[in-house]
file entry16.cif (mmCIF, C-alpha atoms)
data_protein
loop_
_atom_site.label_atom_id
_atom_site.label_comp_id
_atom_site.auth_asym_id
_atom_site.auth_seq_id
_atom_site.Cartn_x
_atom_site.Cartn_y
_atom_site.Cartn_z
CA MET A 393 -61.40 -16.30 -5.22
CA SER A 394 -63.65 -19.23 -4.39
CA ILE A 395 -62.88 -22.73 -5.66
CA ALA A 396 -66.04 -22.69 -7.82
CA ARG A 397 -65.06 -19.39 -9.39
CA ALA A 398 -61.53 -20.62 -10.03
CA LEU A 399 -62.88 -23.73 -11.75
CA VAL A 400 -65.07 -21.58 -14.00
CA VAL A 401 -62.07 -19.46 -14.96
CA VAL A 402 -60.03 -22.58 -15.75
CA LEU A 403 -62.88 -24.09 -17.78
CA VAL A 404 -63.43 -20.92 -19.79
CA GLY A 405 -59.71 -20.69 -20.45
CA ALA A 406 -59.61 -24.29 -21.62
CA VAL A 407 -62.54 -23.73 -23.97
CA ILE A 408 -60.94 -20.61 -25.43
CA ALA A 409 -57.63 -22.44 -25.90
CA THR A 410 -59.39 -25.39 -27.58
CA VAL A 411 -61.35 -23.17 -29.95
CA GLY A 412 -58.19 -21.29 -30.81
CA LEU A 413 -56.30 -24.52 -31.48
CA ILE A 414 -59.07 -25.83 -33.74
CA ALA A 415 -59.22 -22.54 -35.65
CA TRP A 416 -55.46 -22.49 -36.10
CA GLY A 417 -55.45 -26.09 -37.33
CA ALA A 418 -58.21 -25.33 -39.84
CA PHE A 419 -56.34 -22.24 -41.09
CA ARG A 420 -53.13 -24.21 -41.45
CA TRP A 421 -54.83 -27.10 -43.30
CA GLU A 422 -56.74 -24.82 -45.65
CA GLY A 423 -53.45 -23.16 -46.61
CA ALA A 424 -51.97 -26.55 -47.46
CA THR A 425 -55.09 -27.41 -49.49
CA ARG A 426 -54.84 -24.18 -51.49
CA ALA A 427 -51.20 -24.97 -52.22
CA LEU A 428 -52.15 -28.39 -53.60
CA PHE A 429 -54.92 -26.85 -55.71
CA ALA A 430 -52.39 -24.39 -57.11
CA ARG A 431 -50.02 -27.23 -58.05
CA ILE A 432 -52.61 -29.18 -60.06
CA ASP A 433 -53.80 -25.96 -61.72
CA ALA A 434 -50.21 -25.09 -62.69
CA ALA A 435 -49.74 -28.51 -64.33
CA GLN A 436 -53.01 -28.28 -66.30
CA VAL A 437 -53.04 -28.17 -70.09
CA PRO A 438 -56.09 -27.62 -72.34
CA PRO A 439 -57.74 -30.88 -73.46
CA ARG A 440 -57.89 -31.50 -77.19
CA PRO A 441 -60.22 -31.87 -79.00
CA ALA A 442 -62.68 -29.53 -77.31
CA ALA A 443 -65.78 -31.68 -77.95
CA TYR A 444 -66.76 -35.35 -78.17
CA ASP A 445 -66.94 -36.84 -81.66
CA PRO A 446 -68.51 -40.35 -81.83
CA ARG A 447 -66.20 -41.24 -84.71
CA GLU A 448 -63.39 -41.81 -82.19
CA LEU A 449 -65.29 -44.85 -80.90
CA ALA A 450 -64.35 -46.87 -83.99
CA GLY A 451 -62.38 -49.95 -83.01
CA LEU A 452 -63.15 -49.78 -79.29
CA PRO A 453 -64.45 -52.89 -77.47
CA ALA A 454 -68.23 -53.25 -77.84
CA PRO A 455 -69.12 -52.56 -74.17
CA VAL A 456 -66.98 -49.41 -74.22
CA GLN A 457 -68.76 -48.14 -77.32
CA ARG A 458 -72.13 -48.80 -75.63
CA TYR A 459 -70.96 -46.89 -72.57
CA PHE A 460 -70.01 -43.75 -74.46
CA ARG A 461 -73.24 -43.83 -76.45
CA ALA A 462 -75.18 -44.11 -73.17
CA ALA A 463 -73.14 -41.53 -71.24
CA LEU A 464 -72.38 -38.82 -73.82
CA ARG A 465 -74.06 -36.88 -76.59
CA GLU A 466 -72.38 -35.91 -79.84
CA GLY A 467 -70.71 -32.53 -79.35
CA THR A 468 -70.57 -32.76 -75.55
CA PRO A 469 -67.70 -30.49 -74.43
CA ILE A 470 -64.64 -32.27 -73.07
CA VAL A 471 -64.33 -31.89 -69.30
CA ALA A 472 -61.20 -29.93 -68.38
CA GLY A 473 -61.86 -29.88 -64.64
CA ALA A 474 -64.46 -30.50 -61.95
CA THR A 475 -65.25 -29.51 -58.38
CA ILE A 476 -67.04 -32.28 -56.50
CA GLU A 477 -68.58 -32.05 -53.04
CA GLN A 478 -69.37 -35.29 -51.23
CA ARG A 479 -70.71 -36.66 -48.00
CA GLY A 480 -70.92 -40.18 -46.66
CA ILE A 481 -69.38 -42.63 -44.24
CA PHE A 482 -65.85 -43.98 -43.96
CA ASN A 483 -64.61 -47.11 -42.16
CA ILE A 484 -61.51 -46.07 -40.20
CA SER A 485 -60.80 -49.56 -38.83
CA GLU A 486 -58.15 -51.60 -40.67
CA THR A 487 -59.51 -54.90 -39.40
CA GLY A 488 -63.08 -54.34 -38.18
CA SER A 489 -65.99 -52.02 -38.82
CA ARG A 490 -66.01 -48.48 -37.44
CA TRP A 491 -67.99 -46.23 -39.74
CA ILE A 492 -67.94 -42.48 -39.19
CA ARG A 493 -69.24 -39.54 -41.21
CA PHE A 494 -67.20 -37.50 -43.64
CA THR A 495 -67.61 -34.50 -45.91
CA ALA A 496 -65.18 -33.66 -48.70
CA GLN A 497 -64.41 -31.31 -51.52
CA GLN A 498 -62.47 -32.59 -54.49
CA ARG A 499 -60.87 -30.64 -57.30
CA VAL A 500 -60.03 -32.52 -60.51
CA VAL A 501 -58.16 -31.57 -63.67
CA THR A 502 -58.18 -34.01 -66.57
CA ARG A 503 -55.04 -33.06 -68.53
CA ARG A 504 -52.52 -33.68 -67.14
CA PRO A 505 -54.54 -35.88 -64.81
CA GLY A 506 -54.71 -34.69 -61.23
CA TYR A 507 -56.98 -34.31 -58.23
CA VAL A 508 -57.00 -33.19 -54.61
CA TRP A 509 -59.50 -34.76 -52.19
CA ASP A 510 -59.83 -32.66 -49.05
CA ALA A 511 -61.90 -34.52 -46.46
CA GLN A 512 -63.09 -33.97 -42.91
CA ILE A 513 -63.79 -37.21 -41.00
CA GLU A 514 -65.70 -36.61 -37.77
CA LEU A 515 -64.34 -38.61 -34.82
CA ALA A 516 -66.28 -36.76 -32.12
CA PRO A 517 -67.70 -33.27 -31.54
CA TRP A 518 -64.90 -30.79 -32.27
CA ILE A 519 -62.47 -33.60 -33.13
CA GLU A 520 -61.90 -34.56 -36.75
CA ILE A 521 -59.32 -36.09 -39.01
CA ARG A 522 -58.40 -34.00 -42.05
CA VAL A 523 -57.24 -35.95 -45.08
CA HIS A 524 -55.46 -35.03 -48.29
CA ASP A 525 -55.67 -37.80 -50.88
CA ALA A 526 -54.16 -36.50 -54.10
CA TYR A 527 -52.39 -37.02 -57.39
CA VAL A 528 -50.44 -33.89 -58.27
CA ALA A 529 -48.17 -33.58 -61.32
CA GLY A 530 -47.15 -37.23 -61.21
CA THR A 531 -46.85 -37.44 -57.42
CA GLY A 532 -49.19 -39.43 -55.19
CA ILE A 533 -50.06 -38.04 -51.76
CA LEU A 534 -51.92 -39.54 -48.80
CA HIS A 535 -51.83 -37.45 -45.62
CA PRO A 536 -54.23 -37.80 -42.67
CA SER A 537 -53.92 -35.30 -39.83
CA LEU A 538 -55.67 -34.86 -36.49
CA LEU A 539 -57.34 -31.41 -36.50
CA GLY A 540 -55.05 -30.42 -39.37
CA ILE A 541 -52.20 -30.10 -36.83
CA TRP A 542 -50.79 -33.51 -35.91
CA SER A 543 -49.80 -35.73 -38.83
CA LEU A 544 -50.97 -39.34 -38.59
CA GLY A 545 -48.44 -40.51 -41.15
CA GLU A 546 -47.82 -39.14 -44.64
CA LEU A 547 -47.22 -41.23 -47.76
CA GLN A 548 -45.75 -39.34 -50.69
CA GLY A 549 -43.26 -39.67 -53.50
CA SER A 550 -43.02 -43.43 -54.07
CA ALA A 551 -43.81 -45.08 -57.38
CA GLN A 552 -46.47 -47.22 -55.70
CA ILE A 553 -48.43 -44.35 -54.17
CA ALA A 554 -48.28 -42.48 -57.50
CA ARG A 555 -49.71 -45.50 -59.34
CA ASP A 556 -52.36 -46.04 -56.69
CA GLN A 557 -53.51 -42.42 -56.85
CA LEU A 558 -53.58 -42.33 -60.64
CA MET A 559 -55.67 -45.50 -60.35
CA ARG A 560 -58.17 -43.57 -58.22
CA PHE A 561 -58.32 -40.80 -60.84
CA LEU A 562 -59.14 -43.40 -63.49
CA ALA A 563 -61.70 -45.19 -61.29
CA GLU A 564 -63.56 -41.95 -60.58
CA ALA A 565 -63.68 -40.88 -64.23
CA PRO A 566 -67.40 -41.80 -64.46
CA TRP A 567 -67.85 -38.40 -62.71
CA TYR A 568 -66.00 -36.76 -65.64
CA PRO A 569 -66.63 -39.35 -68.37
CA THR A 570 -65.00 -37.60 -71.34
CA ALA A 571 -61.67 -38.31 -69.58
CA LEU A 572 -62.18 -41.99 -70.53
CA LEU A 573 -62.11 -41.28 -74.26
CA PRO A 574 -59.15 -42.50 -76.34
CA SER A 575 -58.44 -38.89 -77.36
CA GLN A 576 -57.81 -38.12 -73.68
CA GLY A 577 -55.15 -40.78 -73.33
CA VAL A 578 -57.05 -43.92 -72.27
CA ARG A 579 -56.25 -47.17 -74.06
CA TRP A 580 -59.04 -49.80 -74.02
CA GLU A 581 -58.68 -53.57 -74.40
CA PRO A 582 -61.51 -56.14 -74.61
CA VAL A 583 -62.15 -58.59 -71.77
CA ASP A 584 -65.63 -60.02 -72.43
CA ALA A 585 -69.12 -58.89 -73.48
CA ARG A 586 -69.62 -56.91 -70.26
CA SER A 587 -66.07 -55.82 -69.38
CA ALA A 588 -63.04 -54.00 -70.78
CA ARG A 589 -59.62 -53.02 -69.48
CA ALA A 590 -58.55 -49.34 -69.41
CA THR A 591 -54.96 -48.10 -69.13
CA LEU A 592 -53.90 -44.51 -68.53
CA ALA A 593 -50.28 -43.34 -68.56
CA ASP A 594 -49.00 -40.06 -67.13
CA GLY A 595 -45.30 -39.89 -67.87
CA GLY A 596 -43.81 -42.93 -66.16
CA VAL A 597 -46.90 -43.57 -64.00
CA VAL A 598 -49.28 -46.18 -65.44
CA ALA A 599 -52.65 -47.29 -64.05
CA THR A 600 -54.82 -50.15 -65.32
CA LEU A 601 -58.36 -51.04 -64.23
CA THR A 602 -61.04 -53.43 -65.43
CA PHE A 603 -64.42 -51.75 -65.99
CA ARG A 604 -67.66 -53.72 -65.87
CA PHE A 605 -70.77 -52.32 -67.56
CA ARG A 606 -74.49 -52.60 -66.78
CA ASP A 607 -77.22 -53.75 -69.16
CA ASP A 608 -77.96 -50.11 -70.02
CA GLY A 609 -74.31 -49.55 -70.97
CA LEU A 610 -73.28 -47.46 -67.98
CA ILE A 611 -70.37 -48.34 -65.68
CA GLU A 612 -71.29 -50.69 -62.85
CA SER A 613 -67.89 -51.25 -61.24
CA VAL A 614 -64.13 -50.92 -61.57
CA HIS A 615 -61.61 -53.49 -60.38
CA ALA A 616 -57.87 -53.49 -59.70
CA GLU A 617 -55.83 -56.64 -59.23
CA ALA A 618 -53.72 -54.80 -56.65
CA ARG A 619 -53.89 -51.36 -55.03
CA GLY A 620 -52.01 -50.24 -51.91
CA ARG A 621 -53.99 -50.81 -48.68
CA SER A 622 -52.64 -49.08 -45.59
CA VAL A 623 -51.83 -51.69 -42.93
CA GLY A 624 -49.84 -50.54 -39.92
CA GLY A 625 -48.43 -47.59 -41.85
CA ALA A 626 -47.31 -49.68 -44.84
CA LEU A 627 -48.97 -50.16 -48.23
CA VAL A 628 -49.97 -53.75 -48.92
CA PRO A 629 -51.03 -54.58 -52.54
CA THR A 630 -54.64 -55.79 -52.29
CA PRO A 631 -57.45 -56.43 -54.81
CA TRP A 632 -59.75 -53.41 -54.88
CA GLU A 633 -63.18 -52.53 -56.26
CA GLY A 634 -65.37 -49.47 -56.74
CA ARG A 635 -69.08 -49.54 -57.55
CA TRP A 636 -71.17 -46.73 -59.09
CA SER A 637 -74.94 -46.14 -59.00
CA GLU A 638 -77.75 -43.57 -59.14
CA TYR A 639 -76.89 -42.10 -62.53
CA GLU A 640 -78.32 -38.75 -63.58
CA GLN A 641 -78.05 -36.33 -66.48
CA ARG A 642 -75.58 -33.51 -65.91
CA ASP A 643 -74.40 -31.07 -68.62
CA GLY A 644 -75.03 -33.53 -71.46
CA MET A 645 -73.47 -36.49 -69.60
CA ARG A 646 -74.82 -39.33 -67.49
CA VAL A 647 -72.82 -39.52 -64.25
CA PRO A 648 -73.25 -41.44 -60.97
CA ARG A 649 -74.38 -39.79 -57.74
CA GLU A 650 -73.45 -42.62 -55.37
CA GLY A 651 -70.57 -45.04 -54.93
CA GLU A 652 -68.94 -47.61 -52.69
CA VAL A 653 -65.29 -48.67 -52.50
CA ALA A 654 -64.02 -51.92 -50.99
CA TRP A 655 -60.99 -54.10 -50.47
CA LEU A 656 -61.39 -57.68 -51.69
CA LEU A 657 -59.81 -59.69 -48.90
CA PRO A 658 -59.42 -63.50 -48.62
CA GLU A 659 -62.10 -63.48 -45.91
CA GLY A 660 -64.50 -61.44 -48.04
CA ARG A 661 -65.36 -58.02 -49.40
CA LYS A 662 -64.54 -55.15 -46.98
CA PRO A 663 -66.18 -51.81 -47.93
CA TYR A 664 -64.48 -48.73 -46.49
CA TRP A 665 -66.02 -45.75 -48.35
CA ARG A 666 -69.66 -45.03 -49.13
CA GLY A 667 -70.48 -41.63 -50.50
CA ARG A 668 -72.87 -39.41 -52.36
CA VAL A 669 -72.14 -36.40 -54.57
CA THR A 670 -73.92 -33.33 -53.24
CA SER A 671 -72.54 -30.84 -55.78
CA LEU A 672 -70.81 -31.28 -59.12
CA GLN A 673 -69.55 -28.37 -61.21
CA TYR A 674 -67.54 -28.61 -64.44
CA LEU A 675 -64.99 -26.56 -66.31
CA PHE A 676 -65.09 -27.43 -70.01
CA ALA A 677 -62.52 -27.21 -72.80
CA ARG A 678 -62.85 -24.24 -75.10
#

call {"tool": "encode", "arguments": {"input": "entry16.cif", "output": "structure tokens"}}
result
Amino acid sequence: MSIARALVVVLVGAVIATVGLIAWGAFRWEGATRALFARIDAAQVPPRPAAYDPRELAGLPAPVQRYFRAALREGTPIVAGATIEQRGIFNISETGSRWIRFTAQQRVVTRRPGYVWDAQIELAPWIEIRVHDAYVAGTGILHPSLLGIWSLGELQGSAQIARDQLMRFLAEAPWYPTALLPSQGVRWEPVDARSARATLADGGVVATLTFRFRDDGLIESVHAEARGRSVGGALVPTPWEGRWSEYEQRDGMRVPREGEVAWLLPEGRKPYWRGRVTSLQYLFAR
């Protein structure tokens, strides 16, 4: 066999092995994703009541009442679950700016609160990081993996990661706005004419965020005094903010299509997620 022919054989073998490895990693990761979906589905309970009644707004802070009047219609069914597809860019650098593309599918259940974010972050052709970011039956999970095979460090089980992930559920509730109603477990406190503080408890896990509202009543941003930022494999409590925009009507609700999330560092605001919803499907209470 000539040297050229031998090199071709080796190259073809390497390509076949690489494709097989990628396929196996995807199969393995998808199985883990299905298992997480099954866990949040198993913990789900039917929301009550089944539809939004404006009478439950009595006594809420004024900006919160304006929000629900802007975002919901009387009789809107309560969201029991949602499937959200997203695309955007993600900054994978802890200290600098290295933005790369991602796509994700997210499954949400509202009672008991839970979600699984399954993302693919593209490092290079054929090379991607798979990420599970989840809150499942009171447990917070953050697990990035190269190709779905090699773990890049998993955070799970601590009280801090559970609180942080419940905080994300609460921050993203503008996508499923009936989950912010008092009847769904959220307690609202006044801050000022444009802001209010929301607290959601799930067993012993408690998350609190400050919501700021636009002139038209819709949610402009959410803010946490401290949420865990991954630094060298550890979670460092850091001020955190999410912003929402591009609202549209969907199934009797006004929900945002675009968002940006950032850490608020001493040296300035550091965005790390910018995304757009490409598909949004609901499961409603009956």

call {"tool": "residues_near_point", "arguments": {"input": "entry16.cif", "point": "(-57.5, -57.4, -53.9)", "cutoff": "8 Å", "atoms": "all atoms listed in the file", "output": "list in words"}}
result
Ala616, Glu617, Ala618, Arg619, Pro629, Thr630, Pro631, Trp632, Glu633, Trp655, Leu656 and Leu657 of chain A

call {"tool": "resolve_selection", "arguments": {"input": "entry16.cif", "expression": "the PyMOL selection byres ((chain A and resi 596) around 12)", "output": "JSON, numbers by chain"}}
result
{"A": [529, 530, 531, 551, 552, 554, 555, 558, 592, 593, 594, 595, 597, 598, 599]}

call {"tool": "closest_residue", "arguments": {"input": "entry16.cif", "among": "A:His535, A:Arg646, A:Arg503, A:Arg586", "to": "Ala462 in chain A", "atoms": "all atoms listed in the file"}}
result
A:Arg646

call {"tool": "closest_residue", "arguments": {"input": "entry16.cif", "among": "A:Gly480, A:Pro517, A:Gly473, A:Pro505", "to": "Gln557 in chain A", "atoms": "only C-alpha atoms"}}
result
A:Pro505

call {"tool": "closest_residue", "arguments": {"input": "entry16.cif", "among": "A:Ala443, A:Gln478, A:Gly540, A:Ser485", "to": "Gly624 in chain A", "atoms": "all atoms listed in the file"}}
result
A:Ser485

call {"tool": "resolve_selection", "arguments": {"input": "entry16.cif", "expression": "the PyMOL selection byres ((chain A and resi 486) around 12)", "output": "ChimeraX atom specification"}}
result
/A:482-485,487-491,621-628,654-655,657,662-664

call {"tool": "residues_around", "arguments": {"input": "entry16.cif", "residues": "Glu514 in chain A", "least_positions_apart": "2", "cutoff": "10 Å", "atoms": "all atoms listed in the file", "output": "MDAnalysis selection string"}}
result
chainID A and resid 481:482 492:495 511:512 516:522 539

call {"tool": "atom_distance", "arguments": {"input": "entry16.cif", "atom1": "CA of His615 in chain A", "atom2": "CA of Ala565 in chain A"}}
result
13.3 Å

call {"tool": "resolve_selection", "arguments": {"input": "entry16.cif", "expression": "the PyMOL selection byres ((chain A and resi 587) around 12)", "output": "PyMOL selection string"}}
result
chain A and resi 452-459+580-586+588-590+601-607+609-615

call {"tool": "atom_distance", "arguments": {"input": "entry16.cif", "atom1": "CA of Ile513 in chain A", "atom2": "CA of Ala496 in chain A"}}
result
8.6 Å

call {"tool": "decode", "arguments": {"input": "entry16.cif", "residues": "range 501-532 of chain A", "atoms": "C-alpha atoms", "output": "CSV table (one decimal), in the first residue's frame"}}
result
chain,number,residue,atom,x,y,z
A,501,VAL,CA,-43.7,23.5,34.6
A,502,THR,CA,-45.2,26.2,36.9
A,503,ARG,CA,-46.5,24.1,39.8
A,504,ARG,CA,-44.3,22.9,41.5
A,505,PRO,CA,-41.9,25.3,39.8
A,506,GLY,CA,-39.4,23.6,37.6
A,507,TYR,CA,-37.5,23.9,34.3
A,508,VAL,CA,-34.8,22.2,32.2
A,509,TRP,CA,-32.7,24.3,29.8
A,510,ASP,CA,-30.9,22.1,27.3
A,511,ALA,CA,-28.5,24.2,25.3
A,512,GLN,CA,-25.9,23.6,22.6
A,513,ILE,CA,-23.1,26.1,22.5
A,514,GLU,CA,-21.0,26.0,19.3
A,515,LEU,CA,-17.3,26.2,20.0
A,516,ALA,CA,-16.2,25.2,16.4
A,517,PRO,CA,-17.5,23.0,13.6
A,518,TRP,CA,-18.4,19.6,15.1
A,519,ILE,CA,-17.4,20.8,18.6
A,520,GLU,CA,-20.0,22.0,21.1
A,521,ILE,CA,-20.6,22.4,24.7
A,522,ARG,CA,-23.9,20.8,25.9
A,523,VAL,CA,-25.4,22.5,29.0
A,524,HIS,CA,-28.1,21.5,31.4
A,525,ASP,CA,-29.3,24.4,33.6
A,526,ALA,CA,-32.2,23.2,35.6
A,527,TYR,CA,-34.4,23.4,38.7
A,528,VAL,CA,-36.0,20.0,39.3
A,529,ALA,CA,-38.2,19.2,42.4
A,530,GLY,CA,-36.3,21.6,44.6
A,531,THR,CA,-32.8,20.7,43.3
A,532,GLY,CA,-30.7,23.1,41.3
